[in-house]
>>> print(open('final_22.pdb').read())   # PDB, C-alpha atoms and all ligand atoms
ATOM      1  CA  MET A   5      14.555  15.791  -9.633
ATOM      2  CA  THR A   6      11.762  14.382 -11.770
ATOM      3  CA  VAL A   7       9.745  17.079 -13.546
ATOM      4  CA  LEU A   8       6.115  16.044 -13.500
ATOM      5  CA  GLN A   9       4.469  16.345 -16.900
ATOM      6  CA  GLN A  10       1.141  18.010 -16.111
ATOM      7  CA  PRO A  11      -1.882  16.856 -18.131
ATOM      8  CA  ARG A  12      -3.894  19.345 -20.193
ATOM      9  CA  ALA A  13      -5.780  21.832 -17.980
ATOM     10  CA  VAL A  14      -9.454  22.629 -18.541
ATOM     11  CA  THR A  15     -10.390  26.189 -19.553
ATOM     12  CA  ALA A  16     -12.873  26.599 -16.664
ATOM     13  CA  THR A  17     -11.695  28.908 -13.887
ATOM     14  CA  SER A  18     -14.425  27.930 -11.406
ATOM     15  CA  PHE A  19     -16.561  24.895 -10.608
ATOM     16  CA  ARG A  20     -19.573  26.581 -12.181
ATOM     17  CA  ASP A  21     -17.715  27.166 -15.451
ATOM     18  CA  ALA A  22     -16.736  23.510 -15.768
ATOM     19  CA  THR A  23     -18.607  21.496 -18.395
ATOM     20  CA  ALA A  24     -19.858  17.929 -17.929
ATOM     21  CA  GLU A  25     -16.859  16.750 -20.002
ATOM     22  CA  ASP A  26     -14.537  18.757 -17.752
ATOM     23  CA  TRP A  27     -15.938  17.013 -14.691
ATOM     24  CA  ASP A  28     -15.500  13.570 -16.275
ATOM     25  CA  TYR A  29     -11.935  14.494 -17.224
ATOM     26  CA  VAL A  30     -10.757  15.968 -13.897
ATOM     27  CA  THR A  31     -12.506  13.311 -11.828
ATOM     28  CA  ARG A  32     -10.844  10.534 -13.824
ATOM     29  CA  LEU A  33      -7.435  12.192 -13.534
ATOM     30  CA  GLY A  34      -7.919  12.775  -9.810
ATOM     31  CA  ARG A  35      -8.999   9.218  -9.127
ATOM     32  CA  ASP A  36      -6.189   7.735 -11.244
ATOM     33  CA  ALA A  37      -3.676   9.835  -9.328
ATOM     34  CA  MET A  38      -5.158   8.782  -5.995
ATOM     35  CA  ARG A  39      -4.479   5.128  -6.858
ATOM     36  CA  ARG A  40      -1.065   5.783  -8.343
ATOM     37  CA  GLU A  41       0.056   7.898  -5.403
ATOM     38  CA  ALA A  42      -1.745   5.863  -2.727
ATOM     39  CA  GLY A  43      -0.021   6.280   0.628
ATOM     40  CA  ARG A  44       2.741   8.521  -0.702
ATOM     41  CA  ALA A  45       1.707  11.600   1.286
ATOM     42  CA  VAL A  46       1.699   9.784   4.605
ATOM     43  CA  VAL A  47       5.065   8.135   3.893
ATOM     44  CA  ASP A  48       6.450  11.587   3.027
ATOM     45  CA  LEU A  49       5.089  12.901   6.315
ATOM     46  CA  LEU A  50       6.883  10.150   8.220
ATOM     47  CA  ARG A  51      10.073  10.561   6.198
ATOM     48  CA  ALA A  52      10.106  14.275   7.070
ATOM     49  CA  GLN A  53      10.498  13.263  10.736
ATOM     50  CA  LYS A  54      13.838  11.521  10.225
ATOM     51  CA  ASP A  55      15.724  14.064  12.337
ATOM     52  CA  VAL A  56      13.106  15.204  14.857
ATOM     53  CA  PRO A  57      14.290  15.517  18.495
ATOM     54  CA  LYS A  58      14.465  12.483  20.769
ATOM     55  CA  HIS A  59      13.131  14.323  23.826
ATOM     56  CA  GLY A  60      15.512  12.418  26.075
ATOM     57  CA  TRP A  61      14.657   8.952  24.745
ATOM     58  CA  GLN A  62      17.140   6.777  22.842
ATOM     59  CA  VAL A  63      15.135   7.073  19.623
ATOM     60  CA  ASN A  64      13.091   9.794  17.940
ATOM     61  CA  ASN A  65       9.556   9.366  16.627
ATOM     62  CA  TYR A  66      10.770   8.217  13.201
ATOM     63  CA  GLU A  67      12.999   5.517  14.692
ATOM     64  CA  HIS A  68      10.266   4.535  17.157
ATOM     65  CA  SER A  69       7.827   4.090  14.270
ATOM     66  CA  LEU A  70      10.241   1.897  12.308
ATOM     67  CA  GLN A  71      10.948  -0.149  15.411
ATOM     68  CA  CYS A  72       7.212  -0.728  16.010
ATOM     69  CA  ALA A  73       6.656  -1.805  12.399
ATOM     70  CA  THR A  74       9.744  -4.031  12.362
ATOM     71  CA  ARG A  75       8.683  -5.851  15.535
ATOM     72  CA  ALA A  76       5.197  -6.370  14.076
ATOM     73  CA  LEU A  77       6.608  -7.701  10.799
ATOM     74  CA  LYS A  78       8.998 -10.065  12.591
ATOM     75  CA  ASN A  79       6.182 -11.329  14.810
ATOM     76  CA  GLY A  80       4.177 -12.288  11.710
ATOM     77  CA  GLU A  81       1.421  -9.697  12.057
ATOM     78  CA  THR A  82      -0.681  -8.966   8.967
ATOM     79  CA  GLU A  83       0.496  -6.368   6.463
ATOM     80  CA  GLU A  84      -2.343  -4.076   7.514
ATOM     81  CA  TYR A  85      -1.284  -4.327  11.141
ATOM     82  CA  VAL A  86       2.362  -3.668  10.281
ATOM     83  CA  VAL A  87       1.340  -0.508   8.413
ATOM     84  CA  CYS A  88      -0.786   0.587  11.377
ATOM     85  CA  CYS A  89       2.260   0.160  13.616
ATOM     86  CA  LEU A  90       4.372   2.188  11.204
ATOM     87  CA  LEU A  91       1.873   5.054  11.066
ATOM     88  CA  HIS A  92       0.389   5.118  14.578
ATOM     89  CA  ASP A  93       2.496   8.167  15.580
ATOM     90  CA  VAL A  94       2.790   9.836  12.175
ATOM     91  CA  ALA A  95       0.778  12.829  13.452
ATOM     92  CA  GLN A  96       2.791  13.204  16.657
ATOM     93  CA  ASP A  97       4.083  16.672  15.753
ATOM     94  CA  LEU A  98       1.011  17.780  13.792
ATOM     95  CA  ASN A  99      -1.435  17.232  16.610
ATOM     96  CA  PRO A 100       0.475  16.121  19.748
ATOM     97  CA  TYR A 101      -2.425  15.789  22.188
ATOM     98  CA  ASN A 102      -4.710  14.052  19.706
ATOM     99  CA  HIS A 103      -2.197  12.420  17.418
ATOM    100  CA  ASP A 104      -3.966   9.070  17.739
ATOM    101  CA  LYS A 105      -7.226  10.515  16.370
ATOM    102  CA  THR A 106      -5.408  12.129  13.445
ATOM    103  CA  ALA A 107      -3.611   8.880  12.580
ATOM    104  CA  GLY A 108      -6.934   7.054  12.930
ATOM    105  CA  ASP A 109      -8.551   9.439  10.453
ATOM    106  CA  ILE A 110      -5.750   8.908   7.952
ATOM    107  CA  LEU A 111      -6.154   5.132   8.233
ATOM    108  CA  ARG A 112      -9.949   4.992   8.521
ATOM    109  CA  TYR A 113     -10.914   3.884   5.000
ATOM    110  CA  HIS A 114      -7.988   1.518   4.637
ATOM    111  CA  VAL A 115      -8.121  -0.718   7.705
ATOM    112  CA  SER A 116     -10.545  -2.829   9.725
ATOM    113  CA  ASP A 117     -12.777  -1.218  12.351
ATOM    114  CA  GLU A 118     -10.658  -2.897  15.010
ATOM    115  CA  ASN A 119      -7.328  -1.606  13.735
ATOM    116  CA  HIS A 120      -8.806   1.846  13.237
ATOM    117  CA  TRP A 121     -10.107   1.954  16.813
ATOM    118  CA  VAL A 122      -6.849   0.668  18.274
ATOM    119  CA  ILE A 123      -4.790   3.351  16.539
ATOM    120  CA  ALA A 124      -7.346   6.112  17.136
ATOM    121  CA  ASN A 125      -7.333   5.383  20.877
ATOM    122  CA  HIS A 126      -3.787   4.255  21.605
ATOM    123  CA  GLN A 127      -2.814   7.406  23.517
ATOM    124  CA  ILE A 128      -4.935   6.593  26.515
ATOM    125  CA  PHE A 129      -3.997   2.897  26.477
ATOM    126  CA  GLN A 130      -0.239   3.450  26.430
ATOM    127  CA  LEU A 131      -0.551   5.385  29.690
ATOM    128  CA  SER A 132      -1.113   1.984  31.344
ATOM    129  CA  PHE A 133       2.555   1.118  30.847
ATOM    130  CA  ARG A 134       4.079   4.272  32.373
ATOM    131  CA  ASP A 135       4.773   2.419  35.607
ATOM    132  CA  HIS A 136       6.815   4.961  37.572
ATOM    133  CA  SER A 137       5.305   8.099  36.098
ATOM    134  CA  LYS A 138       2.736  10.462  37.572
ATOM    135  CA  PHE A 139       0.356   9.886  34.652
ATOM    136  CA  ASP A 140      -3.016   8.263  35.254
ATOM    137  CA  ARG A 141      -2.264   4.633  34.437
ATOM    138  CA  THR A 142      -5.897   3.624  34.870
ATOM    139  CA  ALA A 143      -7.296   6.130  32.368
ATOM    140  CA  CYS A 144      -8.164   3.472  29.773
ATOM    141  CA  GLU A 145     -10.470   1.715  32.263
ATOM    142  CA  ARG A 146     -13.282   3.926  30.950
ATOM    143  CA  TYR A 147     -13.226   1.689  27.866
ATOM    144  CA  ARG A 148     -13.253  -1.610  29.800
ATOM    145  CA  GLY A 149     -15.823  -3.872  28.133
ATOM    146  CA  HIS A 150     -15.332  -2.312  24.701
ATOM    147  CA  PRO A 151     -14.746  -5.094  22.098
ATOM    148  CA  TYR A 152     -11.387  -3.564  21.148
ATOM    149  CA  PHE A 153     -10.151  -2.911  24.704
ATOM    150  CA  GLU A 154      -7.838  -5.945  24.762
ATOM    151  CA  PRO A 155      -6.504  -5.416  21.196
ATOM    152  CA  ALA A 156      -5.625  -1.819  22.142
ATOM    153  CA  LEU A 157      -3.722  -2.963  25.221
ATOM    154  CA  ARG A 158      -2.004  -5.657  23.171
ATOM    155  CA  PHE A 159      -0.892  -3.117  20.574
ATOM    156  CA  CYS A 160       0.555  -0.806  23.227
ATOM    157  CA  GLU A 161       2.306  -3.629  25.061
ATOM    158  CA  HIS A 162       3.929  -5.275  22.033
ATOM    159  CA  TYR A 163       4.322  -2.494  19.479
ATOM    160  CA  ASP A 164       4.436   0.843  21.257
ATOM    161  CA  MET A 165       5.634   1.063  24.875
ATOM    162  CA  ASN A 166       8.562  -1.315  24.205
ATOM    163  CA  CYS A 167       9.858   0.431  21.079
ATOM    164  CA  PHE A 168      12.333   2.951  22.497
ATOM    165  CA  ASP A 169      15.470   0.817  22.228
ATOM    166  CA  GLY A 170      18.334   2.740  20.601
ATOM    167  CA  GLY A 171      20.198  -0.523  19.959
ATOM    168  CA  TYR A 172      17.372  -2.175  18.018
ATOM    169  CA  ALA A 173      18.114  -2.870  14.338
ATOM    170  CA  ALA A 174      14.909  -1.616  12.742
ATOM    171  CA  LEU A 175      14.258  -2.137   9.037
ATOM    172  CA  PRO A 176      14.408   0.981   6.833
ATOM    173  CA  LEU A 177      11.346   2.905   5.697
ATOM    174  CA  GLU A 178      11.868   1.590   2.149
ATOM    175  CA  THR A 179      10.957  -1.911   3.386
ATOM    176  CA  PHE A 180       7.510  -0.705   4.384
ATOM    177  CA  GLU A 181       6.724   1.686   1.520
ATOM    178  CA  PRO A 182       5.279  -0.970  -0.824
ATOM    179  CA  MET A 183       3.088  -2.242   2.031
ATOM    180  CA  VAL A 184       1.729   1.247   2.684
ATOM    181  CA  HIS A 185       1.043   1.719  -1.026
ATOM    182  CA  ARG A 186      -0.770  -1.632  -1.349
ATOM    183  CA  MET A 187      -2.903  -0.981   1.711
ATOM    184  CA  PHE A 188      -3.930   2.530   0.691
ATOM    185  CA  GLU A 189      -4.558   1.461  -2.914
ATOM    186  CA  LYS A 190      -6.870  -1.302  -1.684
ATOM    187  CA  GLY A 191      -8.756   1.168   0.494
ATOM    188  CA  ILE A 192      -9.086   3.659  -2.351
ATOM    189  CA  ASP A 193     -10.371   0.943  -4.717
ATOM    190  CA  ALA A 194     -12.973  -0.099  -2.151
ATOM    191  CA  PHE A 195     -14.022   3.518  -1.605
ATOM    192  CA  HIS A 196     -14.359   4.192  -5.331
ATOM    193  CA  ALA A 197     -16.290   0.954  -5.861
ATOM    194  CA  LYS A 198     -18.737   2.161  -3.231
ATOM    195  CA  HIS A 199     -18.784   5.729  -4.549
ATOM    196  CA  PRO A 200     -18.467   5.489  -8.353
ATOM    197  CA  TYR A 201     -18.400   8.503 -10.652
ATOM    198  CA  PRO A 202     -20.876   9.036 -12.174
ATOM    199  CA  PRO A 203     -22.948   7.730  -9.239
ATOM    200  CA  ARG A 204     -25.159   4.773 -10.109
TER     201      ARG A 204
HETATM  202 FE    FE B   1       1.310   7.616  20.106
HETATM  203 FE    FE B   2       4.139   5.177  19.739
END
>>> encode(input="final_22.pdb", output="structure tokens")
Amino acid sequence: MTVLQQPRAVTATSFRDATAEDWDYVTRLGRDAMRREAGRAVVDLLRAQKDVPKHGWQVNNYEHSLQCATRALKNGETEEYVVCCLLHDVAQDLNPYNHDKTAGDILRYHVSDENHWVIANHQIFQLSFRDHSKFDRTACERYRGHPYFEPALRFCEHYDMNCFDGGYAALPLETFEPMVHRMFEKGIDAFHAKHPYPPR
């Protein structure tokens, strides 16, 4: 196990005790770490699901996620889209009935408006493909006419509802880790450029 060498700590024990120099110091350290560690927390969250139950399907959520991302990569989708596929169900166990919104929030500052909307609303769109179920397959019709209606259906058709094949040779998580890091780093850089410290 790597022992993390912690940087010097400030003497302040509350925000109000912190000096201007303290704020410059901790903000710089925090922002540097955000870039260095970009995407690590969400990859760790997915990795922690390696052995979650399959609930009767041939694959569990971890394997489903890798299968979605692998299909997207093999179909030549953009790196951002591949990462969205990988992470669309990362909050499945954290927030089962709103896991799309939670994943959308995680991705928000790192992806296009379209990709964010597709992931943040995929739960209702994937109902459309539950052909012999008792679920409401027309539920997504409330969004008919929305500019991202078709992209959401496309995502569910090609990279969600068809990714439960236990015989599919999905690529390992390690293949996608550098992509997640690059995407989150880019988003963090853009956010910090827009919100510099000190503010201009
Ligand atoms: Fe989902
Ligand atoms: Fe899914």
>>> residues_near_ligand(input="final_22.pdb", ligand="ligand FE 2 (chain B)", cutoff="10 Å", atoms="only C-alpha atoms and all ligand atoms", output="MDAnalysis selection string")
chainID A and resid 65:66 68:69 71:72 89:94 96 103:104 123 126:127 130 159:160 163:168
>>> atom_distance(input="final_22.pdb", atom1="CA of Tyr85 (chain A)", atom2="CA of Glu178 (chain A)")
17.0 Å
>>> resolve_selection(input="final_22.pdb", expression="the PyMOL selection byres (((chain A and resi 42-57) around 8) and not hetatm)", output="PyMOL selection string")
chain A and resi 37-41+58-59+64-67+91+94+177+181+184-189+192
>>> atom_distance(input="final_22.pdb", atom1="CA of Val115 (chain A)", atom2="CA of Glu84 (chain A)")
6.7 Å
>>> atom_distance(input="final_22.pdb", atom1="CA of Leu175 (chain A)", atom2="CA of Leu70 (chain A)")
6.6 Å
>>> closest_residue(input="final_22.pdb", among="A:Phe180, A:Tyr101, A:Phe139, A:Phe153", to="ligand FE 1 (chain B)", atoms="only C-alpha atoms and all ligand atoms")
A:Tyr101
>>> closest_residue(input="final_22.pdb", among="A:Lys190, A:Ala73, A:Gly80, A:Arg158", to="Leu111 (chain A)", atoms="only C-alpha atoms")
A:Lys190
>>> resolve_selection(input="final_22.pdb", expression="the PyMOL selection byres (((chain A and resi 143-147) around 12) and not hetatm)", output="number ranges by chain")
A: 121-122, 125-134, 139-142, 148-157, 160
>>> write_last_selection(input="final_22.pdb", atoms="C-alpha atoms", output="short mmCIF file (atom, residue, chain, number, x, y, z; two decimals), keeping the file's coordinate frame")
data_model
loop_
_atom_site.label_atom_id
_atom_site.label_comp_id
_atom_site.auth_asym_id
_atom_site.auth_seq_id
_atom_site.Cartn_x
_atom_site.Cartn_y
_atom_site.Cartn_z
CA TRP A 121 -10.11 1.95 16.81
CA VAL A 122 -6.85 0.67 18.27
CA ASN A 125 -7.33 5.38 20.88
CA HIS A 126 -3.79 4.26 21.60
CA GLN A 127 -2.81 7.41 23.52
CA ILE A 128 -4.93 6.59 26.52
CA PHE A 129 -4.00 2.90 26.48
CA GLN A 130 -0.24 3.45 26.43
CA LEU A 131 -0.55 5.38 29.69
CA SER A 132 -1.11 1.98 31.34
CA PHE A 133 2.56 1.12 30.85
CA ARG A 134 4.08 4.27 32.37
CA PHE A 139 0.36 9.89 34.65
CA ASP A 140 -3.02 8.26 35.25
CA ARG A 141 -2.26 4.63 34.44
CA THR A 142 -5.90 3.62 34.87
CA ARG A 148 -13.25 -1.61 29.80
CA GLY A 149 -15.82 -3.87 28.13
CA HIS A 150 -15.33 -2.31 24.70
CA PRO A 151 -14.75 -5.09 22.10
CA TYR A 152 -11.39 -3.56 21.15
CA PHE A 153 -10.15 -2.91 24.70
CA GLU A 154 -7.84 -5.94 24.76
CA PRO A 155 -6.50 -5.42 21.20
CA ALA A 156 -5.62 -1.82 22.14
CA LEU A 157 -3.72 -2.96 25.22
CA CYS A 160 0.56 -0.81 23.23
#
>>> residues_near_point(input="final_22.pdb", point="(-10.4, 19.1, -12.6)", cutoff="12 Å", atoms="all atoms listed in the file", output="MDAnalysis selection string")
chainID A and resid 11:35 37
>>> closest_residue(input="final_22.pdb", among="A:Val86, A:Val7, A:Ala124, A:Val63", to="ligand FE 1 (chain B)", atoms="only C-alpha atoms and all ligand atoms")
A:Ala124
>>> closest_residue(input="final_22.pdb", among="A:Lys198, A:Lys138, A:Arg75, A:Lys105", to="ligand FE 1 (chain B)", atoms="all atoms listed in the file")
A:Lys105
>>> closest_residue(input="final_22.pdb", among="A:Phe195, A:Thr106, A:His120, A:His114", to="ligand FE 1 (chain B)", atoms="all atoms listed in the file")
A:Thr106
>>> closest_residue(input="final_22.pdb", among="A:Ser137, A:Thr74, A:Ser116, A:Asn99", to="Ala173 (chain A)", atoms="only C-alpha atoms")
A:Thr74
>>> axis_aligned_box(input="final_22.pdb", around="region 169-178 of chain A", padding_each_side="8 Å", output="AutoDock Vina command-line options")
--center_x 15.8 --center_y 0.0 --center_z 12.2 --size_x 24.9 --size_y 21.8 --size_z 36.1
